[in-house]
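To start, the structure itself, in structure tokens.
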Amino acid sequence: MRAPRADAVRNRDQLLAVATRAFMSADAEPSMRAIAREAGVGIATLYRHFPTRESLVDAVYRDQVVRLTTGARELLGRLPPAEAMRRWMDLFGDWIATKNGMLDTLLTMIESGEIAHAQTRSELLAAITTILDAGRAAGDLRSDVSAEDIAASLIGIFTVAPRREHEAKAGRLLDLLMDGLRPVARPA
């Protein structure tokens with residue numbers, strides 16, 4: 001099998017980027033036609049890459065999970081662990097926001113087993129653990145906090161302060177969470 005043409009790869013990448021933005025900013029699931037139009041391609045091109053809404057949702061979902069899992073390692077390569085954790089929390093917020101515009105299709109796919117929710121959870125907890133372990137080793141993050149604690153806190157924050165409507169509030173709450181993750185200096 002030969003590699004896809006460069007323009008086909010560009011079109012697919014453009015469709016994924018536009019779909020991600022559309023899902024992130026939409027209150028309801030955007031139409032496939034609107035996504036194709038915004039990407040600057042015909043509807044046939046969209047359907048050639050993503051024959052169903054579910055295949056597009058799956059591709060966006062998987063792309064976002066990869067961004068979160070690789071993002072943990074990339075951030076640690078550039079930043080101190082505590083700062084990497086805070087930036088990763090922003091990526092997580094973007095992921096949550098993206099899911100809002102594709103929620104109905106996503107829930108149907110999870111219920112049918114098309115998307116393995118447990119595997120995604122494990123991958124995300126592993127990403128958090130990677131940063132936590134580096135932070136513990138550097139003395140930047142508390143040793144008594146688990147990845148599950150952080151994941152639950154993030155879900156709580158983005159439930160009460162969805163990114164699009166309450167970005168400043170979400171940022172404040174994330175900063176408070178980070179303050180709680182830093183080790184407390186004990187008086188000598």
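Residue numbering restarts at 1 for every chain of the structure tokens, chains are lettered A, B, ... in their displayed order, and ligands are numbered from 1 as they appear.
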What lies within 9 Å of Arg21 (chain A) using only C-alpha atoms, ignoring chain neighbours under 5 positions off, as a list of chain:residue names?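 After dropping sequence-adjacent residues, the list is A:Leu16, A:Ala26, A:Thr98.
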Identify, on the basis of only C-alpha atoms, every residue whose closest approach to region 173-180 of chain A does not exceed 9 Å; exclude the query and any residue fewer than 6 positions from it along the same chain; express the result as a ChimeraX atom specification. /A:82,85-86,89-90,141-142,150,153-154,157,161
List the neighbours of Ala134 (chain A) out to 9 Å using only C-alpha atoms; skip same-chain residues closer than 5 positions along the sequence, and give me the result as a PyMOL selection string. chain A and resi 76+80-82+129+139-141
What does the structure give for the distance between CA of Ala28 (chain A) and CA of Asn100 (chain A), in Å to one decimal?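 Spanning CA of Ala28 (chain A) to CA of Asn100 (chain A) is a straight-line distance of 7.9 Å.
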Hey, which of A:Ala168, A:Val60, A:Ala152, A:Leu132 ends up closest to Ile115 (chain A)? Count only C-alpha atoms.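 The answer is A:Val60, which sits nearest to Ile115 (chain A).
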Do a neighbour search on region 63-75 of chain A at 7 Å with only C-alpha atoms, toss out local chain neighbours closer than 5 positions, and write the hits as a VMD selection string. chain A and resid 84 88 91 to 92 95 123 to 124 127 131
Can those selected residues be exported to a file as a PDB file, in the first residue's frame so that it contains N, CA and C atoms?
ATOM      1  N   ALA A  84       5.060  22.202  34.256  1.00  0.00           N
ATOM      2  CA  ALA A  84       4.553  21.237  33.264  1.00  0.00           C
ATOM      3  C   ALA A  84       3.167  20.736  33.672  1.00  0.00           C
ATOM      4  N   TRP A  88      -0.175  21.200  31.573  1.00  0.00           N
ATOM      5  CA  TRP A  88      -0.900  19.993  31.176  1.00  0.00           C
ATOM      6  C   TRP A  88      -2.373  20.121  31.579  1.00  0.00           C
ATOM      7  N   LEU A  91      -4.163  21.764  28.872  1.00  0.00           N
ATOM      8  CA  LEU A  91      -4.437  20.818  27.787  1.00  0.00           C
ATOM      9  C   LEU A  91      -5.646  19.941  28.115  1.00  0.00           C
ATOM     10  N   PHE A  92      -5.724  19.511  29.366  1.00  0.00           N
ATOM     11  CA  PHE A  92      -6.853  18.693  29.807  1.00  0.00           C
ATOM     12  C   PHE A  92      -8.156  19.487  29.668  1.00  0.00           C
ATOM     13  N   TRP A  95      -9.237  19.479  26.174  1.00  0.00           N
ATOM     14  CA  TRP A  95      -9.796  18.171  25.832  1.00  0.00           C
ATOM     15  C   TRP A  95     -11.245  18.075  26.309  1.00  0.00           C
ATOM     16  N   GLU A 123      -4.564   5.768  30.123  1.00  0.00           N
ATOM     17  CA  GLU A 123      -3.553   6.573  29.427  1.00  0.00           C
ATOM     18  C   GLU A 123      -3.421   7.948  30.072  1.00  0.00           C
ATOM     19  N   LEU A 124      -4.558   8.559  30.424  1.00  0.00           N
ATOM     20  CA  LEU A 124      -4.519   9.885  31.040  1.00  0.00           C
ATOM     21  C   LEU A 124      -3.916   9.836  32.439  1.00  0.00           C
ATOM     22  N   ALA A 127      -0.230   9.645  32.106  1.00  0.00           N
ATOM     23  CA  ALA A 127       0.361  10.948  31.774  1.00  0.00           C
ATOM     24  C   ALA A 127       0.510  11.800  33.029  1.00  0.00           C
ATOM     25  N   ILE A 131       4.170  13.133  35.158  1.00  0.00           N
ATOM     26  CA  ILE A 131       4.514  14.468  35.659  1.00  0.00           C
ATOM     27  C   ILE A 131       4.652  14.449  37.182  1.00  0.00           C
TER      28      ILE A 131
END
Please identify which residues in chain A DSSP calls helix (DSSP H, G or I) from the backbone, and express them as a PyMOL selection string. chain A and resi 6-25+32-39+43-49+53-78+81-100+103-112+117-138+147-160+167-181
Prev. selection, C-alpha atoms, output as a short mmCIF file (atom, residue, chain, number, x, y, z; two decimals), in the first residue's frame:
data_model
loop_
_atom_site.label_atom_id
_atom_site.label_comp_id
_atom_site.auth_asym_id
_atom_site.auth_seq_id
_atom_site.Cartn_x
_atom_site.Cartn_y
_atom_site.Cartn_z
CA ALA A 6 0.65 15.12 0.47
CA ASP A 7 -2.55 17.01 -0.30
CA ALA A 8 -4.64 14.17 1.17
CA VAL A 9 -2.59 14.29 4.38
CA ARG A 10 -2.97 18.10 4.50
CA ASN A 11 -6.73 17.82 3.96
CA ARG A 12 -7.08 15.23 6.72
CA ASP A 13 -5.00 17.30 9.14
CA GLN A 14 -7.00 20.43 8.26
CA LEU A 15 -10.29 18.58 8.77
CA LEU A 16 -9.13 17.31 12.17
CA ALA A 17 -8.01 20.78 13.26
CA VAL A 18 -11.25 22.43 12.12
CA ALA A 19 -13.41 19.68 13.64
CA THR A 20 -11.55 20.03 16.95
CA ARG A 21 -12.17 23.80 16.99
CA ALA A 22 -15.80 23.32 15.92
CA PHE A 23 -16.46 20.75 18.63
CA MET A 24 -14.73 22.96 21.21
CA SER A 25 -16.77 26.05 20.39
CA MET A 32 -20.39 17.69 8.80
CA ARG A 33 -21.13 20.19 6.01
CA ALA A 34 -20.16 23.14 8.26
CA ILE A 35 -16.89 21.41 9.19
CA ALA A 36 -16.04 20.75 5.53
CA ARG A 37 -16.90 24.34 4.57
CA GLU A 38 -14.73 25.81 7.34
CA ALA A 39 -11.87 23.47 6.37
CA ILE A 43 -18.21 17.45 1.66
CA ALA A 44 -17.02 14.51 -0.47
CA THR A 45 -13.44 15.10 0.73
CA LEU A 46 -14.60 15.07 4.34
CA TYR A 47 -16.51 11.81 3.81
CA ARG A 48 -13.55 10.25 1.95
CA HIS A 49 -11.45 10.76 5.11
CA ARG A 53 -19.75 11.30 12.03
CA GLU A 54 -18.55 8.57 14.39
CA SER A 55 -15.29 8.14 12.47
CA LEU A 56 -14.65 11.90 12.70
CA VAL A 57 -15.50 12.01 16.41
CA ASP A 58 -13.25 8.98 16.99
CA ALA A 59 -10.36 10.62 15.13
CA VAL A 60 -10.73 13.91 17.05
CA TYR A 61 -11.05 12.06 20.37
CA ARG A 62 -7.98 9.90 19.74
CA ASP A 63 -5.98 12.89 18.49
CA GLN A 64 -6.78 14.77 21.70
CA VAL A 65 -5.83 11.78 23.89
CA VAL A 66 -2.50 11.50 22.03
CA ARG A 67 -1.93 15.24 22.56
CA LEU A 68 -2.52 14.79 26.29
CA THR A 69 -0.31 11.72 26.66
CA THR A 70 2.58 13.00 24.53
CA GLY A 71 2.05 16.49 25.91
CA ALA A 72 3.03 15.32 29.39
CA ARG A 73 6.44 14.14 28.15
CA GLU A 74 6.95 17.16 25.89
CA LEU A 75 6.13 19.62 28.67
CA LEU A 76 8.50 17.85 31.06
CA GLY A 77 11.23 18.14 28.44
CA ARG A 78 10.87 21.92 28.42
CA PRO A 81 7.57 19.56 36.71
CA ALA A 82 5.21 21.90 38.59
CA GLU A 83 4.97 24.23 35.60
CA ALA A 84 4.55 21.24 33.26
CA MET A 85 1.68 20.01 35.44
CA ARG A 86 -0.07 23.38 35.29
CA ARG A 87 0.31 23.60 31.51
CA TRP A 88 -0.90 19.99 31.18
CA MET A 89 -4.02 20.96 33.14
CA ASP A 90 -4.75 23.55 30.44
CA LEU A 91 -4.44 20.82 27.79
CA PHE A 92 -6.85 18.69 29.81
CA GLY A 93 -9.29 21.61 29.90
CA ASP A 94 -9.09 21.90 26.11
CA TRP A 95 -9.80 18.17 25.83
CA ILE A 96 -12.85 18.50 28.08
CA ALA A 97 -14.07 21.49 26.03
CA THR A 98 -13.64 19.57 22.77
CA LYS A 99 -15.74 16.71 24.10
CA ASN A 100 -18.67 19.08 24.78
CA LEU A 103 -20.87 14.60 23.53
CA ASP A 104 -23.95 12.83 22.15
CA THR A 105 -21.98 10.90 19.52
CA LEU A 106 -19.15 10.21 21.96
CA LEU A 107 -21.47 8.81 24.64
CA THR A 108 -23.14 6.55 22.08
CA MET A 109 -19.73 5.30 20.94
CA ILE A 110 -18.59 4.63 24.51
CA GLU A 111 -21.82 2.77 25.31
CA SER A 112 -21.44 0.63 22.18
CA HIS A 117 -13.19 4.54 27.98
CA ALA A 118 -11.16 2.48 30.48
CA GLN A 119 -8.12 2.53 28.18
CA THR A 120 -8.36 6.31 27.77
CA ARG A 121 -8.60 6.72 31.54
CA SER A 122 -5.49 4.57 32.03
CA GLU A 123 -3.55 6.57 29.43
CA LEU A 124 -4.52 9.89 31.04
CA LEU A 125 -3.67 8.66 34.55
CA ALA A 126 -0.29 7.47 33.23
CA ALA A 127 0.36 10.95 31.77
CA ILE A 128 -0.47 12.58 35.11
CA THR A 129 1.71 10.03 36.94
CA THR A 130 4.64 10.82 34.64
CA ILE A 131 4.51 14.47 35.66
CA LEU A 132 3.83 13.66 39.32
CA ASP A 133 6.81 11.32 39.51
CA ALA A 134 9.11 13.94 38.00
CA GLY A 135 7.71 16.55 40.39
CA ARG A 136 8.23 14.32 43.40
CA ALA A 137 11.80 13.58 42.36
CA ALA A 138 12.48 17.31 41.95
CA ALA A 147 -3.04 10.77 39.64
CA GLU A 148 -6.63 9.83 40.49
CA ASP A 149 -6.78 12.75 42.95
CA ILE A 150 -5.67 15.17 40.25
CA ALA A 151 -8.01 13.71 37.61
CA ALA A 152 -10.99 13.98 39.97
CA SER A 153 -10.04 17.56 40.86
CA LEU A 154 -9.75 18.52 37.20
CA ILE A 155 -13.13 17.03 36.36
CA GLY A 156 -14.64 18.95 39.27
CA ILE A 157 -13.04 22.22 38.18
CA PHE A 158 -14.16 21.91 34.57
CA THR A 159 -17.66 20.89 35.66
CA VAL A 160 -18.16 24.09 37.67
CA GLU A 167 -11.90 30.66 31.41
CA ALA A 168 -10.71 33.11 34.09
CA LYS A 169 -12.49 31.19 36.85
CA ALA A 170 -11.09 27.88 35.59
CA GLY A 171 -7.60 29.39 35.56
CA ARG A 172 -7.96 30.60 39.15
CA LEU A 173 -9.21 27.20 40.29
CA LEU A 174 -6.36 25.44 38.49
CA ASP A 175 -3.88 27.78 40.17
CA LEU A 176 -5.44 26.96 43.57
CA LEU A 177 -5.14 23.26 42.79
CA MET A 178 -1.48 23.76 41.90
CA ASP A 179 -0.91 25.58 45.20
CA GLY A 180 -2.30 22.52 46.95
CA LEU A 181 -0.01 20.20 44.99
#
For CA of Leu79 (chain A) and CA of Ser146 (chain A), quote the distance in Å rounded to one decimal. 20.7 Å
